[in-house]
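Novice: I'd like to ask some things about the structure below.
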Amino acid sequence: MAERQDLVVIGGGAGGFAAAMRAAQLGGKVTVIESAYLGGNCMNKACIPLTCLLTTAQLAAAVRKADRFGIRLGEPAIEMETVHSRKDVLIESLRMGTEQLLSDNGITLIQGKGRLVAPDTVEVNGQTIQARNVVIATGSAPAQLPIEGADLPGVIGTEEAIELRDIPARIAVIGRQPWDIELAQYFQALGSEVTLIVDGDQVLAEADRTIAQRLGKRLYDAGIALKMRSRVEAIRPGANGSLTVVLAEGKGEIAADRVLAARRLPNSSGLGLREVGVKTEGGAILVNERMETSIPHIYAIGDVIPGPMWSHKANAEGIVAAENAMGRASRMDYGSLPHCVFTWPQVAWVGLTEEQAQAQGIEVEIGQVPLAINPHAMILDETAGEIKIIACKKYSKIVGVHIMAPGAVDLINAAAVAMLSEATVGELMRLIPRHPSLGEALVDAAMDVEKRSLHLPKW
Amino acid sequence: MAVQVIMPKLGMAMTEGTVVKWLKEDGAPVKRGEPIVVVMSKKITYEVQSPADGVVRHVAQPKDVRGIGEIIGFITEPGEPLPEVTVGAAPAEAVPVEAAAPAAPAAAPAVKAEAPEREEKVIPASPAARRLAKELGVDLARVRPSGPRITEEDVRRYHEERTRIVASPLARRMAEEEGLDLAEIQGTGPGGRITEEDVLRALEKRAAPAAAPRQRIPFLGMRQAIAEQMVHSLQTMAQVTITAKADVTELVATREALAVRWGRKASYTDFLVRAVVVALQKHPLLGAKLEGDEIVLPTEWNIGVAVALEDGLIVPVLRNADKLSVLQISDRIRDLAQRARENALNVDEVTGATFTITNLGMYGVDAFTPIINPPEVAILGVGRIFEEPAIVGGQIVPRSRMVLSLTIDHRIVDGAPGAAFLQTLVQLLEHPALIFAAEEG
Ligand SMILES: Cc1cc2nc3c(=O)[nH]c(=O)nc-3n(C[C@H](O)[C@H](O)[C@H](O)COP(=O)(O)OP(=O)(O)OC[C@H]3O[C@@H](n4cnc5c(N)ncnc54)[C@H](O)[C@@H]3O)c2cc1C
């Protein structure tokens, strides 16, 4: 290619797309290199397809309890072909939209595997591209759990689980990442017998303890078998092509037709990082708050850097990287990054958990409202959740908001805006939410920080 | 019919004044001539008297600055509506009087109540503060009192800070709890908004020199006025200081003798005022003023005497000092100095000097370079009296001496006429009889 590019993005996923678009908006000449599908894991193998499947599963669950709302429907029949074709059409249209957006913005898209051959030179399909700046956005790659038997047929990762058209009669899920819990619920709703094996004492590793406990209870009540504080010793072949998951310390064995044992590692190999001198740690590319790596003009974003793996995080980092590459001064601030789990009810949080706040030596004040007292949650028949606010006693600063509720992934944005604009608990208390609505629980939780909620019983 | 109370002109250079304190509450009945409000120029404070019988109505509030002639209040009939006033503009553009106050509901939409107070207890606040807080929608629980209870002024300051400064709610809360003034914090957020980070930085800065808290003296009012005047003086004049030593042995003896006769001791300054008047009459150029392209010689002999105050300096003026005896001068200076310290001088008593004397003798100073008080053209600095061996009639004897430091504006007074004036002064001081001779003649 003759022309020197202002920015070359390696990886056309969630992060890479945002970086390319922002740089183009700022007048840059941009090339995106993608080795598989535009839209990345997020669009093709993770967020979009899984959320699509979960929506079907939730509808099925809703149909099952429709009679409680006065609608008699009976057991829903699930047609997996339709479920998947709907998902695939959706992905296809999103992917086309993405491609259109790139070309509308004059961004060059090259299909191929990109690699750094010099700090300012990227090679793809045997040709080299001169680049003033490079953004590495190669995401993460699936990896096996380091367990004996993880390579057996029938032991699957998230990608296979999502594509599975035959619902297994029995499935064991090993892990406590968001996708583990989501897929456990998915298979359970579609009729599998599900065992969730958790190496620890809470089902969602990163969530606030009380929320994770509520979610655990909810999964248990729905009929998922929970094996808490259980480490897997091995996965062994069982009878008739089935599998046996052996728990350590004699905690028992679980027979399953499929075992979901997924993890993801930063996708940083084969990029020429070592040759060019880009520093990594455990495979993750190290960056500063400007998304700069150890080599000037080389940036990295998304799953390939340390930190939680969220598509919206990769997206925000892409914008920061592009702005810096185009000569602006931009910093990434993770303080109001929401963490969202698409279970039902949904779980979402922003900021610190109670445990994290205490570990940081913050003198905390807690406001907590169980949804059992919220009229709208009662109407929806979804009262298992709660809203919890962690505030710093000094200054009444909001340090964390944790929500388990229908629509939590949207409701959390109200809390994120509050934190982003540095509102205090006092401002949250002055919100005037619709009645009845789940937002009322947010205000109640804020008021409960000062123990003055109008709707909570006096303890 | 409402009678205006206006900001009076308290001195030649005065263009604006500050309302210090209302002596009568808003709505209180007054009689004509009663003091109603204290105002302040850069030099003096002054009690404004009621121009009429009626009811006092406040327009300007304490600390408000108003130009000369601007309305600061009214005397009305009881129940009479308040006329319209506008600040700093012609009355034609009058706006409702409420808008003149910096923070009234009409001008600034009431801020909704802040985060409710933590403890619902009664907050000590003056009734005026309560009224204003209610009017402005200020939550008293968030106002930091400057004294034992919240005053109207505290409420106003709080409200102004809140409405003027862009800061995140958290930043505000932190600044309030930490007692930081947001006005002094540089905002780095969008549009210069003050963020948590900015407040944390300010807190760090404050924590740093905690070992030795520096005392800070406000550079305002009189202090600022003196500074301006001194710098102005040095920048506009060509000042030269010349010194001469006077043998004041006889003056010391005369002063002692007169003390017996008068029943009290006059100060050396009292004698000096008298001597200076005599010397000035002989050398009137030293009492001149520069007006445009003319040097105007004096017709009045008004002598300024610098008086040190706790937090500054003031120069009361003895008018027509030529008509006063040393004893009268002594009485007048005592009275002026006393009232200067009580902040009770009137305008005529601090303006219009022909020449100024500043005596640092009591502080053990020998000689110094005093700075001329414009528009005067010279100033006399008086040093301490000290003993020195001298040869008189072939014998070494102790004599009392004093150094006189005369600063002249060389644009108007050359060295020679300055020296001549100083020489006359030395002669007068060395032979005090001459001082009194002039008094008689
Ligand atoms: C099952 C599952 C569900 C998830 N659900 C959610 C969710 O609901 N919400 C959410 O926020 N996050 C979710 N995530 C996480 C989310 O998918 C990732 O955080 C996100 O995709 C990261 O974006 P990225 O741009 O870093 O990487 P990706 O989106 O994975 O994009 C990386 C791209 O780089 C390409 N690439 C790699 N190497 C090269 C190379 N050498 N040359 C050219 N191209 C290359 C890849 O083909 C890929 O297209 C989920 C993850 C999983 C596994």
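Lettering and numbering for the structure tokens are positional, with chains as A, B, ... in the shown order, residues counted from 1 in each chain, and ligands counted from 1 in the shown order.
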Tell me, counting only C-alpha atoms, for each residue of chain B within 7 Å of chain A, which pair of atoms is nearest and how far apart they are in Å to one decimal, in rows ordered by chain and increasing number, as JSON lines.
Specialist:
```
{"residue": "B:Ala115", "atom": "CA", "partner": "A:Gly426", "partner_atom": "CA", "distance": 4.4}
{"residue": "B:Ser168", "atom": "CA", "partner": "A:Glu422", "partner_atom": "CA", "distance": 5.7}
{"residue": "B:Pro169", "atom": "CA", "partner": "A:Ala423", "partner_atom": "CA", "distance": 5.2}
{"residue": "B:Leu170", "atom": "CA", "partner": "A:Glu422", "partner_atom": "CA", "distance": 5.3}
{"residue": "B:Arg173", "atom": "CA", "partner": "A:Tyr395", "partner_atom": "CA", "distance": 5.8}
{"residue": "B:Met174", "atom": "CA", "partner": "A:Tyr395", "partner_atom": "CA", "distance": 5.4}
```
Novice: Excluding range 179-194 of chain A and any residue of its chain fewer than 3 positions from it, enumerate the residues within 8 Å of it, using only C-alpha atoms, and give them as number ranges by chain.
Specialist: A: 53-54, 57-58, 60-61, 78, 158, 161, 167-176, 203-204, 219, 223-225, 260, 262, 341-343
Novice: Could you tell me, counting only C-alpha atoms and all ligand atoms, which protein and nucleic acid residues lie no more than 6 Å from ligand 1, written as a ChimeraX atom specification?
Specialist: /A:10-16,33-42,46-47,112-115,137-140,158,179,271,302-304,309-312,314
Novice: Could you list, as number ranges by chain, every residue within 10 Å of range 375-384 of chain B, counting only C-alpha atoms and ignoring same-chain residues fewer than 5 positions away?
Specialist: B: 233, 237-243, 245, 268-269, 272, 276, 285-291, 304-306, 352-370, 400-413, 418, 422
Novice: List the neighbours of range 426-434 of chain B out to 8 Å using only C-alpha atoms; skip same-chain residues closer than 6 positions along the sequence, and give me the result as number ranges by chain.
Specialist: B: 244-251, 254, 272, 275
Novice: Write the residues you've just listed into a file as a compact mmCIF listing (two decimals), in the first residue's frame, and include N, CA, C and O atoms for each of them.
Specialist:
```txt
# COMPACT_ATOMS: atom_id res chain seq x y z
N ALA B 244 19.55 66.52 58.50
CA ALA B 244 20.35 67.49 59.25
C ALA B 244 20.20 67.15 60.72
O ALA B 244 19.18 66.62 61.15
N LYS B 245 21.24 67.42 61.46
CA LYS B 245 21.20 67.12 62.88
C LYS B 245 20.94 68.41 63.65
O LYS B 245 21.59 69.43 63.38
N ALA B 246 20.01 68.37 64.57
CA ALA B 246 19.73 69.56 65.39
C ALA B 246 20.16 69.30 66.82
O ALA B 246 19.98 68.19 67.32
N ASP B 247 20.68 70.31 67.43
CA ASP B 247 21.04 70.21 68.85
C ASP B 247 19.81 70.65 69.64
O ASP B 247 19.44 71.84 69.62
N VAL B 248 19.17 69.71 70.31
CA VAL B 248 17.89 70.04 70.93
C VAL B 248 18.00 70.07 72.46
O VAL B 248 17.01 69.94 73.17
N THR B 249 19.25 70.28 72.93
CA THR B 249 19.46 70.32 74.38
C THR B 249 18.55 71.35 75.04
O THR B 249 17.89 71.09 76.05
N GLU B 250 18.47 72.48 74.38
CA GLU B 250 17.68 73.57 74.96
C GLU B 250 16.18 73.25 74.89
O GLU B 250 15.43 73.52 75.82
N LEU B 251 15.79 72.61 73.77
CA LEU B 251 14.38 72.24 73.60
C LEU B 251 13.95 71.25 74.69
O LEU B 251 12.86 71.34 75.26
N THR B 254 13.53 73.25 77.78
CA THR B 254 12.33 74.10 77.68
C THR B 254 11.07 73.26 77.92
O THR B 254 10.15 73.66 78.61
N LEU B 272 7.43 70.55 67.28
CA LEU B 272 7.83 70.45 65.87
C LEU B 272 6.77 71.02 64.94
O LEU B 272 7.09 71.68 63.95
N ALA B 275 7.16 74.64 65.00
CA ALA B 275 8.39 75.06 64.31
C ALA B 275 8.24 74.91 62.80
O ALA B 275 8.68 75.75 62.02
```
Novice: May I have the residues within 12 Å of range 287-296 of chain A as a PyMOL selection string, using only C-alpha atoms and disregarding those fewer than 5 positions away in the same chain?
Specialist: chain A and resi 15+19+116+118-120+132-137+273-281+301-302+304-307+314+316-325+327-334
Novice: So that I can check the surroundings of range 142-145 of chain A, please list as a PyMOL selection string every protein, DNA and RNA residue that reaches within 8 Å of it, counting only C-alpha atoms and ignoring chain neighbours fewer than 2 positions away.
Specialist: chain A and resi 140+147+150-151+157+261-265
Novice: For those residues, write all heavy atoms to a file as a PDB file, in the first residue's frame.
Specialist:
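Wrote it out as again17.pdb, contents follow:
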```
ATOM      1  N   SER A 140      -9.634 -11.519  22.862  1.00  0.00           N
ATOM      2  CA  SER A 140      -9.199 -12.680  23.622  1.00  0.00           C
ATOM      3  C   SER A 140      -9.539 -13.936  22.824  1.00  0.00           C
ATOM      4  O   SER A 140     -10.353 -13.895  21.901  1.00  0.00           O
ATOM      5  CB  SER A 140      -9.896 -12.704  24.977  1.00  0.00           C
ATOM      6  OG  SER A 140     -11.306 -12.643  24.800  1.00  0.00           O
ATOM      7  N   ILE A 147      -7.468 -28.410  33.549  1.00  0.00           N
ATOM      8  CA  ILE A 147      -8.014 -29.527  34.308  1.00  0.00           C
ATOM      9  C   ILE A 147      -7.794 -30.792  33.491  1.00  0.00           C
ATOM     10  O   ILE A 147      -7.925 -30.769  32.252  1.00  0.00           O
ATOM     11  CB  ILE A 147      -9.544 -29.357  34.522  1.00  0.00           C
ATOM     12  CG1 ILE A 147      -9.854 -28.091  35.289  1.00  0.00           C
ATOM     13  CG2 ILE A 147     -10.130 -30.576  35.249  1.00  0.00           C
ATOM     14  CD1 ILE A 147     -11.348 -27.798  35.327  1.00  0.00           C
ATOM     15  N   ALA A 150      -9.946 -31.825  30.214  1.00  0.00           N
ATOM     16  CA  ALA A 150     -10.563 -30.654  29.579  1.00  0.00           C
ATOM     17  C   ALA A 150     -10.570 -30.787  28.056  1.00  0.00           C
ATOM     18  O   ALA A 150     -11.292 -30.064  27.372  1.00  0.00           O
ATOM     19  CB  ALA A 150      -9.834 -29.383  30.013  1.00  0.00           C
ATOM     20  N   ASP A 151      -9.755 -31.696  27.544  1.00  0.00           N
ATOM     21  CA  ASP A 151      -9.686 -31.855  26.093  1.00  0.00           C
ATOM     22  C   ASP A 151     -10.591 -32.985  25.578  1.00  0.00           C
ATOM     23  O   ASP A 151     -10.604 -33.299  24.400  1.00  0.00           O
ATOM     24  CB  ASP A 151      -8.243 -32.120  25.652  1.00  0.00           C
ATOM     25  CG  ASP A 151      -7.625 -33.288  26.416  1.00  0.00           C
ATOM     26  OD1 ASP A 151      -8.265 -33.775  27.387  1.00  0.00           O
ATOM     27  OD2 ASP A 151      -6.526 -33.713  26.043  1.00  0.00           O
ATOM     28  N   GLY A 157     -16.531 -25.025  25.069  1.00  0.00           N
ATOM     29  CA  GLY A 157     -16.358 -23.629  25.473  1.00  0.00           C
ATOM     30  C   GLY A 157     -17.625 -22.848  25.151  1.00  0.00           C
ATOM     31  O   GLY A 157     -18.636 -23.427  24.711  1.00  0.00           O
ATOM     32  N   ALA A 261     -16.629 -25.723  30.128  1.00  0.00           N
ATOM     33  CA  ALA A 261     -15.425 -25.359  30.890  1.00  0.00           C
ATOM     34  C   ALA A 261     -14.704 -24.297  30.074  1.00  0.00           C
ATOM     35  O   ALA A 261     -13.837 -24.601  29.266  1.00  0.00           O
ATOM     36  CB  ALA A 261     -14.546 -26.585  31.118  1.00  0.00           C
ATOM     37  N   ALA A 262     -15.105 -23.033  30.258  1.00  0.00           N
ATOM     38  CA  ALA A 262     -14.612 -21.981  29.375  1.00  0.00           C
ATOM     39  C   ALA A 262     -13.708 -21.003  30.110  1.00  0.00           C
ATOM     40  O   ALA A 262     -13.912 -20.689  31.273  1.00  0.00           O
ATOM     41  CB  ALA A 262     -15.799 -21.224  28.792  1.00  0.00           C
ATOM     42  N   ARG A 263     -12.737 -20.551  29.387  1.00  0.00           N
ATOM     43  CA  ARG A 263     -12.013 -19.362  29.835  1.00  0.00           C
ATOM     44  C   ARG A 263     -11.443 -18.666  28.620  1.00  0.00           C
ATOM     45  O   ARG A 263     -11.374 -19.250  27.523  1.00  0.00           O
ATOM     46  CB  ARG A 263     -10.950 -19.708  30.860  1.00  0.00           C
ATOM     47  CG  ARG A 263      -9.743 -20.404  30.327  1.00  0.00           C
ATOM     48  CD  ARG A 263      -8.648 -20.316  31.376  1.00  0.00           C
ATOM     49  NE  ARG A 263      -7.534 -21.187  31.009  1.00  0.00           N
ATOM     50  CZ  ARG A 263      -6.332 -21.066  31.552  1.00  0.00           C
ATOM     51  NH1 ARG A 263      -6.107 -20.160  32.499  1.00  0.00           N
ATOM     52  NH2 ARG A 263      -5.358 -21.861  31.160  1.00  0.00           N
ATOM     53  N   ARG A 264     -11.047 -17.426  28.819  1.00  0.00           N
ATOM     54  CA  ARG A 264     -10.508 -16.672  27.691  1.00  0.00           C
ATOM     55  C   ARG A 264      -9.197 -16.017  28.100  1.00  0.00           C
ATOM     56  O   ARG A 264      -9.060 -15.527  29.224  1.00  0.00           O
ATOM     57  CB  ARG A 264     -11.514 -15.601  27.235  1.00  0.00           C
ATOM     58  CG  ARG A 264     -12.821 -16.201  26.722  1.00  0.00           C
ATOM     59  CD  ARG A 264     -13.694 -15.146  26.080  1.00  0.00           C
ATOM     60  NE  ARG A 264     -13.159 -14.698  24.800  1.00  0.00           N
ATOM     61  CZ  ARG A 264     -13.406 -15.329  23.637  1.00  0.00           C
ATOM     62  NH1 ARG A 264     -14.155 -16.404  23.608  1.00  0.00           N
ATOM     63  NH2 ARG A 264     -12.909 -14.858  22.518  1.00  0.00           N
ATOM     64  N   LEU A 265      -8.270 -16.038  27.173  1.00  0.00           N
ATOM     65  CA  LEU A 265      -6.960 -15.443  27.436  1.00  0.00           C
ATOM     66  C   LEU A 265      -6.686 -14.357  26.397  1.00  0.00           C
ATOM     67  O   LEU A 265      -7.173 -14.457  25.261  1.00  0.00           O
ATOM     68  CB  LEU A 265      -5.872 -16.520  27.349  1.00  0.00           C
ATOM     69  CG  LEU A 265      -5.955 -17.614  28.430  1.00  0.00           C
ATOM     70  CD1 LEU A 265      -4.903 -18.688  28.179  1.00  0.00           C
ATOM     71  CD2 LEU A 265      -5.800 -17.015  29.820  1.00  0.00           C
TER      72      LEU A 265
END
```
Novice: Point out the residue among B:Val317, B:Met14, B:Val56, B:Leu297 with the least atom-to-atom distance to Leu345 in chain B, counting only C-alpha atoms.
Specialist: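 Checking each candidate against Leu345 in chain B, we get B:Val317 as the closest.
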Novice: Do a neighbour search on range 435-445 of chain A at 12 Å with only C-alpha atoms, toss out local chain neighbours closer than 3 positions, and write the hits as a PyMOL selection string.
Specialist: chain A and resi 365-380+382-383+385-391+398+400-408+410-415+418+425-432+448-457
Novice: Write out as a list in words all residues of range 250-322 of chain B that backbone DSSP assigns to strand (DSSP E or B).
Specialist: Lys289, Leu290, Glu291, Glu294, Ile295, Val296, Ile303, Gly304, Val305, Val307, Ala308, Leu309, Gly312, Leu313, Ile314, Val317 and Leu318 of chain B
